[in-house]
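Q: Quick one, model_15.cif (mmCIF, C-alpha atoms):
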data_my_file
#
loop_
_atom_site.label_atom_id
_atom_site.label_comp_id
_atom_site.auth_asym_id
_atom_site.auth_seq_id
_atom_site.Cartn_x
_atom_site.Cartn_y
_atom_site.Cartn_z
CA GLU A 1 -21.86 -70.56 -109.56
CA HIS A 2 -21.03 -67.10 -108.30
CA THR A 3 -19.88 -65.72 -104.94
CA GLN A 4 -20.15 -62.04 -104.11
CA ARG A 5 -20.08 -59.68 -101.17
CA VAL A 6 -22.87 -57.13 -100.96
CA GLN A 7 -23.53 -54.20 -98.65
CA THR A 8 -26.98 -53.78 -97.09
CA ASN A 9 -28.45 -50.37 -96.36
CA ASP A 10 -27.79 -50.76 -92.62
CA GLY A 11 -24.05 -51.23 -93.19
CA HIS A 12 -23.69 -55.01 -92.94
CA THR A 13 -21.65 -56.97 -95.46
CA VAL A 14 -23.20 -60.26 -96.59
CA LYS A 15 -21.39 -62.94 -98.59
CA VAL A 16 -23.80 -64.71 -100.97
CA LYS A 17 -23.14 -67.82 -103.08
CA THR A 18 -25.52 -68.25 -106.02
CA VAL A 19 -26.01 -71.23 -108.32
CA VAL A 20 -28.01 -71.09 -111.56
CA LEU A 21 -28.94 -74.42 -113.10
CA ALA A 22 -29.60 -74.62 -116.83
CA GLY A 23 -31.31 -77.27 -118.91
CA ILE A 24 -28.51 -77.43 -121.47
CA LYS A 25 -24.85 -76.50 -121.73
CA LEU A 26 -24.59 -72.72 -122.24
CA ASP A 27 -21.93 -70.92 -124.20
CA LYS A 28 -19.55 -68.52 -122.42
CA ALA A 29 -21.40 -65.38 -123.55
CA LYS A 30 -24.65 -66.56 -121.99
CA GLU A 31 -22.86 -67.65 -118.81
CA THR A 32 -21.31 -64.21 -118.50
CA GLY A 33 -24.64 -62.49 -119.16
CA ILE A 34 -26.39 -64.60 -116.54
CA ARG A 35 -23.64 -63.94 -114.01
CA LYS A 36 -23.85 -60.17 -114.56
CA ILE A 37 -27.64 -60.13 -114.19
CA VAL A 38 -27.51 -62.19 -111.00
CA GLU A 39 -24.79 -59.97 -109.55
CA GLU A 40 -26.70 -56.79 -110.36
CA GLN A 41 -30.02 -58.11 -109.01
CA VAL A 42 -28.48 -59.29 -105.74
CA ARG A 43 -26.52 -56.04 -105.25
CA THR A 44 -29.62 -53.92 -105.94
CA ALA A 45 -31.77 -55.97 -103.57
CA ALA A 46 -29.19 -55.82 -100.79
CA SER A 47 -28.66 -52.07 -101.09
CA THR A 48 -32.36 -51.37 -100.62
CA MET A 49 -32.93 -53.66 -97.60
CA SER A 50 -31.67 -54.19 -94.09
CA ALA A 51 -29.58 -57.29 -93.43
CA GLU A 52 -32.51 -59.04 -91.73
CA ALA A 53 -34.93 -58.35 -94.60
CA PHE A 54 -32.32 -59.35 -97.19
CA LEU A 55 -31.63 -62.67 -95.48
CA ASN A 56 -35.37 -63.33 -95.19
CA ASP A 57 -35.66 -62.84 -98.97
CA LEU A 58 -32.78 -65.27 -99.50
CA VAL A 59 -34.16 -67.93 -97.18
CA PHE A 60 -37.79 -67.82 -98.27
CA GLY A 61 -37.06 -67.64 -102.00
CA SER A 62 -38.59 -64.34 -103.07
CA LEU A 63 -35.23 -63.01 -104.29
CA SER A 64 -34.53 -66.17 -106.29
CA GLN A 65 -37.95 -65.83 -107.96
CA ARG A 66 -37.17 -62.25 -109.00
CA VAL A 67 -33.75 -63.23 -110.33
CA PHE A 68 -35.23 -66.21 -112.22
CA ALA A 69 -37.86 -63.96 -113.82
CA SER A 70 -35.14 -61.65 -115.14
CA LEU A 71 -33.15 -64.61 -116.54
CA LYS A 72 -35.97 -66.08 -118.62
CA ASN A 73 -35.02 -64.01 -121.69
CA ILE A 74 -31.36 -65.04 -121.75
CA GLY A 75 -31.05 -68.78 -121.62
CA ASN A 76 -32.49 -72.05 -120.46
CA ALA A 77 -32.24 -71.29 -116.75
CA ARG A 78 -34.18 -73.92 -114.84
CA ARG A 79 -33.48 -72.90 -111.28
CA VAL A 80 -31.83 -70.16 -109.22
CA GLU A 81 -30.60 -71.06 -105.75
CA PHE A 82 -28.74 -69.21 -103.05
CA VAL A 83 -26.58 -71.98 -101.65
CA ALA A 84 -24.87 -70.13 -98.82
CA SER A 85 -24.98 -66.75 -97.13
CA LYS A 86 -22.96 -65.32 -94.29
CA ILE A 87 -22.98 -61.97 -92.51
CA GLU A 88 -19.36 -60.85 -92.41
CA SER A 89 -19.72 -57.54 -90.59
#
Output the file's structure as structure tokens, nothing else.

A:
Amino acid sequence: EHTQRVQTNDGHTVKVKTVVLAGIKLDKAKETGIRKIVEEQVRTAASTMSAEAFLNDLVFGSLSQRVFASLKNIGNARRVEFVASKIES
């Protein structure tokens, strides 16, 4: 579970809460690696899109599919979900 604030290219700040479910218990190194990849992917996606396009990607699952594809090499990630999102400014 990870919460972060990201800036979109039109100047809005969006708070995103991400949950990654794994098939087995992961060690701390893998948890940290997964968290860093998720944070980087979400930040990169937000910085290249408007707030509306970014939220559409969150809601319709295309961003979670991209994040899941990048996590396949690290651990037994079974699912990536964006639990909550909120436009702060």

Q: Pull out every residue that the PyMOL selection byres ((chain A and resi 12) around 8) matches in the shown coordinates and put them as a PyMOL selection string.

A: chain A and resi 7-11+13-14+51+87-89

Q: Between A:Glu52, A:Lys86, A:Glu39, A:Arg5, single out the one closest to Val67 in chain A, counting only C-alpha atoms.

A: A:Glu39

Q: I'd like to know which of A:Ser85, A:Asn73, A:Arg78, A:Ser64 is closest to Val38 in chain A, using all atoms listed in the file.

A: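 Smallest distance to Val38 in chain A is found for A:Ser64.
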
Q: Give me the residues near Val59 in chain A as an MDAnalysis selection string, where near means some atom within 12 Å (using all atoms listed in the file) and where sequence neighbours in that chain fewer than 6 positions away do not count.

A: chainID A and resid 16 52:53 65 81:86

Q: Once the PyMOL selection byres ((chain A and resi 45) around 10) has been applied to the shown file, what residues remain in the selection, as an MDAnalysis selection string?

A: chainID A and resid 6:9 40:44 46:50 53:54 57 63 66

Q: On this file, the PyMOL selection byres ((chain A and resi 77) around 7) gives some set of residues; write that set as a PyMOL selection string.

A: chain A and resi 20-23+71-72+75-76+78-79

Q: Just to be explicit: take each residue in the selection above, keep C-alpha atoms, and write the result as a PDB file, in the frame of the given file.

A:
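Full text of again_33.pdb as output:
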ATOM      1  CA  VAL A  20     -28.010 -71.090-111.560  1.00  0.00           C
ATOM      2  CA  LEU A  21     -28.940 -74.420-113.100  1.00  0.00           C
ATOM      3  CA  ALA A  22     -29.600 -74.620-116.830  1.00  0.00           C
ATOM      4  CA  GLY A  23     -31.310 -77.270-118.910  1.00  0.00           C
ATOM      5  CA  LEU A  71     -33.150 -64.610-116.540  1.00  0.00           C
ATOM      6  CA  LYS A  72     -35.970 -66.080-118.620  1.00  0.00           C
ATOM      7  CA  GLY A  75     -31.050 -68.780-121.620  1.00  0.00           C
ATOM      8  CA  ASN A  76     -32.490 -72.050-120.460  1.00  0.00           C
ATOM      9  CA  ARG A  78     -34.180 -73.920-114.840  1.00  0.00           C
ATOM     10  CA  ARG A  79     -33.480 -72.900-111.280  1.00  0.00           C
TER      11      ARG A  79
END

Q: At what distance in Å, to one decimal, does CA of Ile74 in chain A lie from CA of Lys36 in chain A?

A: 11.5 Å

Q: Return the single residue from A:Leu58, A:Leu26, A:Arg35, A:Ala69 that is closest to Gln4 in chain A, with distances computed using all atoms listed in the file.

A: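 Closest candidate: A:Arg35.
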
Q: In Å, with one decimal, what is the gap from CA of His2 in chain A to CA of Leu55 in chain A?

A: 17.2 Å

Q: Suppose you want the space between CA of Ile37 in chain A and CA of Phe68 in chain A; what is it in Å?

A: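 Between CA of Ile37 in chain A and CA of Phe68 in chain A the gap is 9.9 Å.
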
Q: How big is the axis-aligned box, and where does its centre sit, when it encloses all atoms of range 20-38 of chain A listed in the file and has 5 Å added on every side, reported in Å to one decimal as lines of an AutoDock Vina configuration file?

A:
center_x = -25.4
center_y = -68.8
center_z = -117.6
size_x = 21.8
size_y = 27.3
size_z = 23.2

Q: Would you mind telling me which residue in A:Val80, A:Ser62, A:Thr3, A:Ser70 lies nearest to Gly33 in chain A when using all atoms listed in the file?

A: A:Ser70

Q: Could you give me range 23-34 of chain A completed to N, CA and C atoms, formatted as a short mmCIF file (atom, residue, chain, number, x, y, z; two decimals), keeping the file's coordinate frame?

A:
data_model
loop_
_atom_site.label_atom_id
_atom_site.label_comp_id
_atom_site.auth_asym_id
_atom_site.auth_seq_id
_atom_site.Cartn_x
_atom_site.Cartn_y
_atom_site.Cartn_z
N GLY A 23 -30.88 -76.01 -118.32
CA GLY A 23 -31.31 -77.27 -118.91
C GLY A 23 -30.31 -77.85 -119.88
N ILE A 24 -29.52 -76.98 -120.50
CA ILE A 24 -28.51 -77.43 -121.47
C ILE A 24 -27.20 -76.72 -121.19
N LYS A 25 -26.14 -77.15 -121.85
CA LYS A 25 -24.85 -76.50 -121.73
C LYS A 25 -24.92 -75.14 -122.42
N LEU A 26 -24.54 -74.08 -121.70
CA LEU A 26 -24.59 -72.72 -122.24
C LEU A 26 -23.22 -72.31 -122.73
N ASP A 27 -23.20 -71.45 -123.75
CA ASP A 27 -21.93 -70.92 -124.20
C ASP A 27 -21.43 -69.85 -123.23
N LYS A 28 -20.19 -69.45 -123.37
CA LYS A 28 -19.55 -68.52 -122.42
C LYS A 28 -20.24 -67.17 -122.39
N ALA A 29 -20.74 -66.69 -123.52
CA ALA A 29 -21.40 -65.38 -123.55
C ALA A 29 -22.67 -65.39 -122.70
N LYS A 30 -23.44 -66.47 -122.79
CA LYS A 30 -24.65 -66.56 -121.99
C LYS A 30 -24.32 -66.74 -120.51
N GLU A 31 -23.28 -67.50 -120.20
CA GLU A 31 -22.86 -67.65 -118.81
C GLU A 31 -22.47 -66.31 -118.21
N THR A 32 -21.72 -65.53 -118.97
CA THR A 32 -21.31 -64.21 -118.50
C THR A 32 -22.51 -63.29 -118.33
N GLY A 33 -23.44 -63.32 -119.26
CA GLY A 33 -24.64 -62.49 -119.16
C GLY A 33 -25.47 -62.85 -117.95
N ILE A 34 -25.63 -64.15 -117.71
CA ILE A 34 -26.39 -64.60 -116.54
C ILE A 34 -25.70 -64.17 -115.26
#
